[in-house]
file structure.pdb (PDB, C-alpha atoms)
ATOM      1  CA  MET A  18      45.677 -28.594  -3.369  1.00  0.00           C
ATOM      2  CA  GLU A  19      43.164 -27.977  -6.161  1.00  0.00           C
ATOM      3  CA  GLY A  20      39.686 -29.344  -6.723  1.00  0.00           C
ATOM      4  CA  GLN A  21      37.381 -29.284  -9.746  1.00  0.00           C
ATOM      5  CA  GLN A  22      38.398 -27.113 -12.738  1.00  0.00           C
ATOM      6  CA  GLY A  23      41.614 -25.970 -10.992  1.00  0.00           C
ATOM      7  CA  LEU A  24      39.640 -24.263  -8.209  1.00  0.00           C
ATOM      8  CA  PRO A  25      41.018 -24.088  -4.666  1.00  0.00           C
ATOM      9  CA  LEU A  26      39.853 -26.992  -2.543  1.00  0.00           C
ATOM     10  CA  GLY A  27      36.380 -26.388  -1.126  1.00  0.00           C
ATOM     11  CA  MET A  28      35.404 -23.912  -3.876  1.00  0.00           C
ATOM     12  CA  THR A  29      32.961 -24.547  -6.735  1.00  0.00           C
ATOM     13  CA  LEU A  30      32.130 -22.696  -9.926  1.00  0.00           C
ATOM     14  CA  ASN A  31      29.131 -21.286  -8.059  1.00  0.00           C
ATOM     15  CA  ASP A  32      31.619 -19.279  -5.956  1.00  0.00           C
ATOM     16  CA  ALA A  33      33.045 -17.581  -9.071  1.00  0.00           C
ATOM     17  CA  ARG A  34      31.549 -14.647 -10.977  1.00  0.00           C
ATOM     18  CA  ASP A  35      30.896 -14.567 -14.724  1.00  0.00           C
ATOM     19  CA  MET A  36      33.099 -12.444 -16.947  1.00  0.00           C
ATOM     20  CA  ASP A  37      30.827 -10.423 -19.214  1.00  0.00           C
ATOM     21  CA  CYS A  38      31.477  -8.384 -22.327  1.00  0.00           C
ATOM     22  CA  GLU A  39      30.552  -4.693 -22.357  1.00  0.00           C
ATOM     23  CA  CYS A  40      27.476  -5.738 -24.384  1.00  0.00           C
ATOM     24  CA  GLY A  41      26.401  -8.160 -21.637  1.00  0.00           C
ATOM     25  CA  ASN A  42      27.218 -11.360 -23.525  1.00  0.00           C
ATOM     26  CA  LYS A  43      28.865 -14.171 -21.550  1.00  0.00           C
ATOM     27  CA  THR A  44      30.378 -16.295 -24.353  1.00  0.00           C
ATOM     28  CA  PHE A  45      33.713 -15.770 -26.088  1.00  0.00           C
ATOM     29  CA  MET A  46      35.788 -17.434 -28.784  1.00  0.00           C
ATOM     30  CA  PRO A  47      39.584 -17.674 -28.841  1.00  0.00           C
ATOM     31  CA  ALA A  48      41.555 -15.626 -31.342  1.00  0.00           C
ATOM     32  CA  PHE A  49      45.106 -14.412 -31.887  1.00  0.00           C
ATOM     33  CA  ARG A  50      46.600 -11.028 -32.618  1.00  0.00           C
ATOM     34  CA  PHE A  51      50.150 -10.890 -33.910  1.00  0.00           C
ATOM     35  CA  LYS A  52      52.816  -8.274 -33.267  1.00  0.00           C
ATOM     36  CA  LYS A  53      56.055  -8.004 -35.225  1.00  0.00           C
ATOM     37  CA  LEU A  54      59.279  -6.894 -33.562  1.00  0.00           C
ATOM     38  CA  SER A  55      61.903  -5.549 -35.946  1.00  0.00           C
ATOM     39  CA  LYS A  56      65.155  -7.448 -36.327  1.00  0.00           C
ATOM     40  CA  LEU A  57      66.863  -4.053 -35.986  1.00  0.00           C
ATOM     41  CA  MET A  58      65.532  -3.794 -32.428  1.00  0.00           C
ATOM     42  CA  THR A  59      66.358  -7.367 -31.424  1.00  0.00           C
ATOM     43  CA  GLY A  60      69.656  -7.911 -33.255  1.00  0.00           C
ATOM     44  CA  GLN A  61      68.276 -11.189 -34.641  1.00  0.00           C
ATOM     45  CA  PRO A  62      68.592 -12.184 -38.313  1.00  0.00           C
ATOM     46  CA  GLN A  63      64.788 -12.045 -38.782  1.00  0.00           C
ATOM     47  CA  ASP A  64      61.863 -10.069 -37.396  1.00  0.00           C
ATOM     48  CA  SER A  65      60.271 -11.716 -34.352  1.00  0.00           C
ATOM     49  CA  ILE A  66      56.578 -12.600 -34.455  1.00  0.00           C
ATOM     50  CA  ILE A  67      54.752 -12.407 -31.122  1.00  0.00           C
ATOM     51  CA  PRO A  68      51.360 -14.195 -30.941  1.00  0.00           C
ATOM     52  CA  ILE A  69      48.925 -12.755 -28.401  1.00  0.00           C
ATOM     53  CA  GLU A  70      45.961 -14.898 -27.375  1.00  0.00           C
ATOM     54  CA  LEU A  71      42.730 -13.025 -26.808  1.00  0.00           C
ATOM     55  CA  TYR A  72      39.038 -13.801 -26.498  1.00  0.00           C
ATOM     56  CA  LEU A  73      36.394 -12.187 -28.709  1.00  0.00           C
ATOM     57  CA  CYS A  74      32.773 -11.746 -27.740  1.00  0.00           C
ATOM     58  CA  THR A  75      30.585 -14.034 -29.851  1.00  0.00           C
ATOM     59  CA  GLN A  76      27.921 -11.330 -30.022  1.00  0.00           C
ATOM     60  CA  CYS A  77      29.726  -8.031 -30.739  1.00  0.00           C
ATOM     61  CA  GLY A  78      33.270  -9.192 -31.623  1.00  0.00           C
ATOM     62  CA  LYS A  79      35.080  -6.988 -29.084  1.00  0.00           C
ATOM     63  CA  PRO A  80      38.030  -8.468 -27.192  1.00  0.00           C
ATOM     64  CA  LEU A  81      37.516  -9.165 -23.485  1.00  0.00           C
ATOM     65  CA  GLN A  82      39.529  -6.256 -22.060  1.00  0.00           C
ATOM     66  CA  GLU A  83      40.089  -7.902 -18.683  1.00  0.00           C
ATOM     67  CA  LEU A  84      42.257 -10.633 -20.261  1.00  0.00           C
ATOM     68  CA  LEU A  85      44.280  -8.412 -22.601  1.00  0.00           C
ATOM     69  CA  PRO A  86      47.871  -7.467 -21.731  1.00  0.00           C
ATOM     70  CA  ASP A  87      47.975  -3.973 -20.197  1.00  0.00           C
ATOM     71  CA  GLU A  88      49.666  -2.539 -23.297  1.00  0.00           C
ATOM     72  CA  LEU A  89      46.729  -3.597 -25.497  1.00  0.00           C
ATOM     73  CA  ARG A  90      43.891  -2.515 -23.215  1.00  0.00           C
ATOM     74  CA  ASP A  91      42.119   0.403 -24.771  1.00  0.00           C
ATOM     75  CA  LYS A  92      38.528   1.543 -24.633  1.00  0.00           C
ATOM     76  CA  LYS A  93      38.873   2.556 -28.290  1.00  0.00           C
ATOM     77  CA  VAL A  94      39.638  -0.982 -29.517  1.00  0.00           C
ATOM     78  CA  LYS A  95      37.560  -1.733 -32.600  1.00  0.00           C
ATOM     79  CA  PRO A  96      35.816  -5.115 -32.926  1.00  0.00           C
ATOM     80  CA  LEU A  97      38.019  -7.599 -34.767  1.00  0.00           C
ATOM     81  CA  ILE A  98      34.926  -9.321 -36.206  1.00  0.00           C
ATOM     82  CA  GLN A  99      32.209  -7.251 -37.817  1.00  0.00           C
TER      83      GLN A  99
END

call {"tool": "encode", "arguments": {"input": "structure.pdb", "output": "C-alpha coordinates"}}
result
Amino acid sequence: MEGQQGLPLGMTLNDARDMDCECGNKTFMPAFRFKKLSKLMTGQPQDSIIPIELYLCTQCGKPLQELLPDELRDKKVKPLIQ
(Lines of atoms letter the chains of each structure in order from A and count residues from 1; the text may use other names and numbers.)
(Lines give C-alpha, C1' and ligand atoms only; values in the text may rest on other atoms or scores of the structure.)
Protein backbone atom coordinates (compact mmCIF):
# COMPACT_ATOMS: atom_id res chain seq x y z
CA MET A 1 0.00 0.00 0.00
CA GLU A 2 1.24 3.51 -0.77
CA GLY A 3 1.02 6.72 1.21
CA GLN A 4 1.66 10.35 0.27
CA GLN A 5 3.24 11.07 -3.15
CA GLY A 6 3.39 7.34 -4.02
CA LEU A 7 5.77 6.64 -1.12
CA PRO A 8 5.68 3.30 0.71
CA LEU A 9 3.41 3.41 3.73
CA GLY A 10 5.16 4.92 6.75
CA MET A 11 7.67 6.88 4.63
CA THR A 12 7.70 10.65 4.07
CA LEU A 13 9.56 12.93 1.69
CA ASN A 14 11.94 13.63 4.57
CA ASP A 15 13.16 10.02 4.19
CA ALA A 16 14.15 10.62 0.55
CA ARG A 17 17.31 12.33 -0.72
CA ASP A 18 17.40 15.20 -3.21
CA MET A 19 18.60 14.57 -6.74
CA ASP A 20 21.12 17.27 -7.59
CA CYS A 21 22.68 18.36 -10.85
CA GLU A 22 26.47 18.28 -11.21
CA CYS A 23 26.36 22.07 -10.67
CA GLY A 24 24.54 21.60 -7.34
CA ASN A 25 21.16 22.90 -8.49
CA LYS A 26 18.07 21.01 -7.29
CA THR A 27 15.44 22.15 -9.82
CA PHE A 28 14.79 20.71 -13.27
CA MET A 29 12.42 21.27 -16.17
CA PRO A 30 10.98 18.57 -18.43
CA ALA A 31 12.17 18.30 -22.02
CA PHE A 32 12.16 15.78 -24.85
CA ARG A 33 14.85 14.44 -27.13
CA PHE A 34 13.79 12.63 -30.27
CA LYS A 35 15.45 9.71 -32.01
CA LYS A 36 14.58 8.53 -35.51
CA LEU A 37 14.69 4.85 -36.45
CA SER A 38 15.01 4.18 -40.16
CA LYS A 39 12.15 2.44 -41.94
CA LEU A 40 14.84 0.24 -43.53
CA MET A 41 15.69 -1.13 -40.08
CA THR A 42 12.10 -1.63 -38.94
CA GLY A 43 10.44 -2.75 -42.18
CA GLN A 44 7.71 -0.15 -41.62
CA PRO A 45 6.48 2.19 -44.37
CA GLN A 46 7.79 5.26 -42.48
CA ASP A 47 10.66 6.10 -40.15
CA SER A 48 9.77 5.66 -36.48
CA ILE A 49 10.10 8.62 -34.13
CA ILE A 50 11.03 7.78 -30.54
CA PRO A 51 10.42 10.53 -27.93
CA ILE A 52 12.69 10.38 -24.88
CA GLU A 53 11.66 12.35 -21.81
CA LEU A 54 14.49 13.96 -19.89
CA TYR A 55 14.94 16.64 -17.25
CA LEU A 56 17.19 19.67 -17.75
CA CYS A 57 18.81 21.61 -14.95
CA THR A 58 17.23 25.06 -14.69
CA GLN A 59 20.63 26.56 -13.88
CA CYS A 60 23.15 24.99 -16.31
CA GLY A 61 20.87 23.21 -18.83
CA LYS A 62 22.52 19.77 -18.51
CA PRO A 63 20.27 16.70 -18.47
CA LEU A 64 19.97 14.84 -15.17
CA GLN A 65 22.15 11.82 -15.99
CA GLU A 66 20.59 9.58 -13.35
CA LEU A 67 17.23 9.59 -15.19
CA LEU A 68 18.57 9.14 -18.73
CA PRO A 69 18.37 5.74 -20.44
CA ASP A 70 21.73 3.93 -20.18
CA GLU A 71 22.39 4.38 -23.91
CA LEU A 72 22.21 8.18 -23.57
CA ARG A 73 24.25 8.57 -20.39
CA ASP A 74 27.50 10.25 -21.22
CA LYS A 75 29.72 12.56 -19.24
CA LYS A 76 30.39 14.45 -22.48
CA VAL A 77 26.73 15.43 -23.02
CA LYS A 78 26.52 19.10 -23.95
CA PRO A 79 23.86 21.31 -22.33
CA LEU A 80 20.71 21.40 -24.46
CA ILE A 81 19.99 24.97 -23.28
CA GLN A 82 22.74 27.56 -23.39

call {"tool": "residues_near_point", "arguments": {"input": "structure.pdb", "point": "(30.1, -18.7, -24.8)", "cutoff": "12 Å", "atoms": "all atoms listed in the file", "output": "list in words"}}
result
Asp35, Met36, Asp37, Cys38, Gly41, Asn42, Lys43, Thr44, Phe45, Met46, Pro47, Tyr72, Leu73, Cys74, Thr75 and Gln76 of chain A

call {"tool": "atom_distance", "arguments": {"input": "structure.pdb", "atom1": "CA of Ser65 in chain A", "atom2": "CA of Phe49 in chain A"}}
result
15.6 Å

call {"tool": "residues_around", "arguments": {"input": "structure.pdb", "residues": "Ile67 in chain A", "least_positions_apart": "6", "cutoff": "9 Å", "atoms": "only C-alpha atoms", "output": "PyMOL selection string"}}
result
chain A and resi 50-54

call {"tool": "atom_distance", "arguments": {"input": "structure.pdb", "atom1": "CA of Leu30 in chain A", "atom2": "CA of Leu81 in chain A"}}
result
19.9 Å

call {"tool": "closest_residue", "arguments": {"input": "structure.pdb", "among": "A:Gln63, A:Asp91, A:Asn31, A:Pro25", "to": "Lys79 in chain A", "atoms": "only C-alpha atoms"}}
result
A:Asp91

call {"tool": "atom_distance", "arguments": {"input": "structure.pdb", "atom1": "CA of Glu88 in chain A", "atom2": "CA of Glu70 in chain A"}}
result
13.5 Å

call {"tool": "closest_residue", "arguments": {"input": "structure.pdb", "among": "A:Pro80, A:Ser55, A:Ala48, A:Ala33", "to": "Pro68 in chain A", "atoms": "all atoms listed in the file"}}
result
A:Ala48

call {"tool": "build_atoms", "arguments": {"input": "structure.pdb", "residues": "range 47-78 of chain A", "atoms": "N, CA and C atoms", "output": "PDB file, in the coordinates of the input"}}
result
ATOM      1  N   PRO A  47      38.160 -18.002 -28.826  1.00  0.00           N
ATOM      2  CA  PRO A  47      39.584 -17.674 -28.841  1.00  0.00           C
ATOM      3  C   PRO A  47      40.010 -17.113 -30.191  1.00  0.00           C
ATOM      4  N   ALA A  48      40.989 -16.226 -30.136  1.00  0.00           N
ATOM      5  CA  ALA A  48      41.555 -15.626 -31.342  1.00  0.00           C
ATOM      6  C   ALA A  48      42.999 -15.240 -31.037  1.00  0.00           C
ATOM      7  N   PHE A  49      43.730 -14.870 -32.066  1.00  0.00           N
ATOM      8  CA  PHE A  49      45.106 -14.412 -31.887  1.00  0.00           C
ATOM      9  C   PHE A  49      45.306 -13.091 -32.596  1.00  0.00           C
ATOM     10  N   ARG A  50      46.120 -12.259 -32.000  1.00  0.00           N
ATOM     11  CA  ARG A  50      46.600 -11.028 -32.618  1.00  0.00           C
ATOM     12  C   ARG A  50      48.111 -11.200 -32.690  1.00  0.00           C
ATOM     13  N   PHE A  51      48.707 -10.714 -33.747  1.00  0.00           N
ATOM     14  CA  PHE A  51      50.150 -10.890 -33.910  1.00  0.00           C
ATOM     15  C   PHE A  51      50.843  -9.536 -33.952  1.00  0.00           C
ATOM     16  N   LYS A  52      51.969  -9.455 -33.249  1.00  0.00           N
ATOM     17  CA  LYS A  52      52.816  -8.274 -33.267  1.00  0.00           C
ATOM     18  C   LYS A  52      54.151  -8.681 -33.886  1.00  0.00           C
ATOM     19  N   LYS A  53      54.762  -7.743 -34.597  1.00  0.00           N
ATOM     20  CA  LYS A  53      56.055  -8.004 -35.225  1.00  0.00           C
ATOM     21  C   LYS A  53      57.081  -7.069 -34.595  1.00  0.00           C
ATOM     22  N   LEU A  54      58.192  -7.653 -34.159  1.00  0.00           N
ATOM     23  CA  LEU A  54      59.279  -6.894 -33.562  1.00  0.00           C
ATOM     24  C   LEU A  54      60.438  -6.889 -34.546  1.00  0.00           C
ATOM     25  N   SER A  55      60.872  -5.704 -34.921  1.00  0.00           N
ATOM     26  CA  SER A  55      61.903  -5.549 -35.946  1.00  0.00           C
ATOM     27  C   SER A  55      63.219  -6.218 -35.555  1.00  0.00           C
ATOM     28  N   LYS A  56      63.834  -6.842 -36.547  1.00  0.00           N
ATOM     29  CA  LYS A  56      65.155  -7.448 -36.327  1.00  0.00           C
ATOM     30  C   LYS A  56      66.183  -6.391 -35.953  1.00  0.00           C
ATOM     31  N   LEU A  57      65.954  -5.137 -36.355  1.00  0.00           N
ATOM     32  CA  LEU A  57      66.863  -4.053 -35.986  1.00  0.00           C
ATOM     33  C   LEU A  57      66.819  -3.766 -34.492  1.00  0.00           C
ATOM     34  N   MET A  58      65.669  -4.009 -33.869  1.00  0.00           N
ATOM     35  CA  MET A  58      65.532  -3.794 -32.428  1.00  0.00           C
ATOM     36  C   MET A  58      66.077  -4.966 -31.620  1.00  0.00           C
ATOM     37  N   THR A  59      65.966  -6.178 -32.182  1.00  0.00           N
ATOM     38  CA  THR A  59      66.358  -7.367 -31.424  1.00  0.00           C
ATOM     39  C   THR A  59      67.777  -7.847 -31.721  1.00  0.00           C
ATOM     40  N   GLY A  60      68.329  -7.424 -32.872  1.00  0.00           N
ATOM     41  CA  GLY A  60      69.656  -7.911 -33.255  1.00  0.00           C
ATOM     42  C   GLY A  60      69.620  -9.320 -33.826  1.00  0.00           C
ATOM     43  N   GLN A  61      68.438  -9.856 -34.064  1.00  0.00           N
ATOM     44  CA  GLN A  61      68.276 -11.189 -34.641  1.00  0.00           C
ATOM     45  C   GLN A  61      68.316 -11.097 -36.165  1.00  0.00           C
ATOM     46  N   PRO A  62      68.544 -12.214 -36.849  1.00  0.00           N
ATOM     47  CA  PRO A  62      68.592 -12.184 -38.313  1.00  0.00           C
ATOM     48  C   PRO A  62      67.231 -11.956 -38.974  1.00  0.00           C
ATOM     49  N   GLN A  63      66.137 -12.235 -38.234  1.00  0.00           N
ATOM     50  CA  GLN A  63      64.788 -12.045 -38.782  1.00  0.00           C
ATOM     51  C   GLN A  63      63.921 -11.298 -37.775  1.00  0.00           C
ATOM     52  N   ASP A  64      62.844 -10.679 -38.289  1.00  0.00           N
ATOM     53  CA  ASP A  64      61.863 -10.069 -37.396  1.00  0.00           C
ATOM     54  C   ASP A  64      61.268 -11.149 -36.499  1.00  0.00           C
ATOM     55  N   SER A  65      60.916 -10.782 -35.279  1.00  0.00           N
ATOM     56  CA  SER A  65      60.271 -11.716 -34.352  1.00  0.00           C
ATOM     57  C   SER A  65      58.763 -11.525 -34.422  1.00  0.00           C
ATOM     58  N   ILE A  66      58.036 -12.624 -34.456  1.00  0.00           N
ATOM     59  CA  ILE A  66      56.578 -12.600 -34.455  1.00  0.00           C
ATOM     60  C   ILE A  66      56.114 -12.989 -33.054  1.00  0.00           C
ATOM     61  N   ILE A  67      55.245 -12.162 -32.468  1.00  0.00           N
ATOM     62  CA  ILE A  67      54.752 -12.407 -31.122  1.00  0.00           C
ATOM     63  C   ILE A  67      53.245 -12.661 -31.199  1.00  0.00           C
ATOM     64  N   PRO A  68      52.796 -13.921 -30.957  1.00  0.00           N
ATOM     65  CA  PRO A  68      51.360 -14.195 -30.941  1.00  0.00           C
ATOM     66  C   PRO A  68      50.769 -13.796 -29.589  1.00  0.00           C
ATOM     67  N   ILE A  69      49.605 -13.170 -29.626  1.00  0.00           N
ATOM     68  CA  ILE A  69      48.925 -12.755 -28.401  1.00  0.00           C
ATOM     69  C   ILE A  69      47.538 -13.376 -28.414  1.00  0.00           C
ATOM     70  N   GLU A  70      47.273 -14.258 -27.451  1.00  0.00           N
ATOM     71  CA  GLU A  70      45.961 -14.898 -27.375  1.00  0.00           C
ATOM     72  C   GLU A  70      44.968 -13.926 -26.759  1.00  0.00           C
ATOM     73  N   LEU A  71      43.794 -13.851 -27.351  1.00  0.00           N
ATOM     74  CA  LEU A  71      42.730 -13.025 -26.808  1.00  0.00           C
ATOM     75  C   LEU A  71      41.401 -13.719 -27.035  1.00  0.00           C
ATOM     76  N   TYR A  72      40.365 -13.208 -26.403  1.00  0.00           N
ATOM     77  CA  TYR A  72      39.038 -13.801 -26.498  1.00  0.00           C
ATOM     78  C   TYR A  72      38.059 -12.753 -26.997  1.00  0.00           C
ATOM     79  N   LEU A  73      37.345 -13.101 -28.083  1.00  0.00           N
ATOM     80  CA  LEU A  73      36.394 -12.187 -28.709  1.00  0.00           C
ATOM     81  C   LEU A  73      34.978 -12.556 -28.319  1.00  0.00           C
ATOM     82  N   CYS A  74      34.181 -11.549 -28.042  1.00  0.00           N
ATOM     83  CA  CYS A  74      32.773 -11.746 -27.740  1.00  0.00           C
ATOM     84  C   CYS A  74      32.086 -12.358 -28.957  1.00  0.00           C
ATOM     85  N   THR A  75      31.279 -13.388 -28.738  1.00  0.00           N
ATOM     86  CA  THR A  75      30.585 -14.034 -29.851  1.00  0.00           C
ATOM     87  C   THR A  75      29.396 -13.211 -30.344  1.00  0.00           C
ATOM     88  N   GLN A  76      29.042 -12.170 -29.597  1.00  0.00           N
ATOM     89  CA  GLN A  76      27.921 -11.330 -30.022  1.00  0.00           C
ATOM     90  C   GLN A  76      28.385 -10.066 -30.744  1.00  0.00           C
ATOM     91  N   CYS A  77      29.324  -9.310 -30.139  1.00  0.00           N
ATOM     92  CA  CYS A  77      29.726  -8.031 -30.739  1.00  0.00           C
ATOM     93  C   CYS A  77      31.132  -8.054 -31.342  1.00  0.00           C
ATOM     94  N   GLY A  78      31.940  -9.077 -31.036  1.00  0.00           N
ATOM     95  CA  GLY A  78      33.270  -9.192 -31.623  1.00  0.00           C
ATOM     96  C   GLY A  78      34.370  -8.445 -30.902  1.00  0.00           C
TER      97      GLY A  78
END
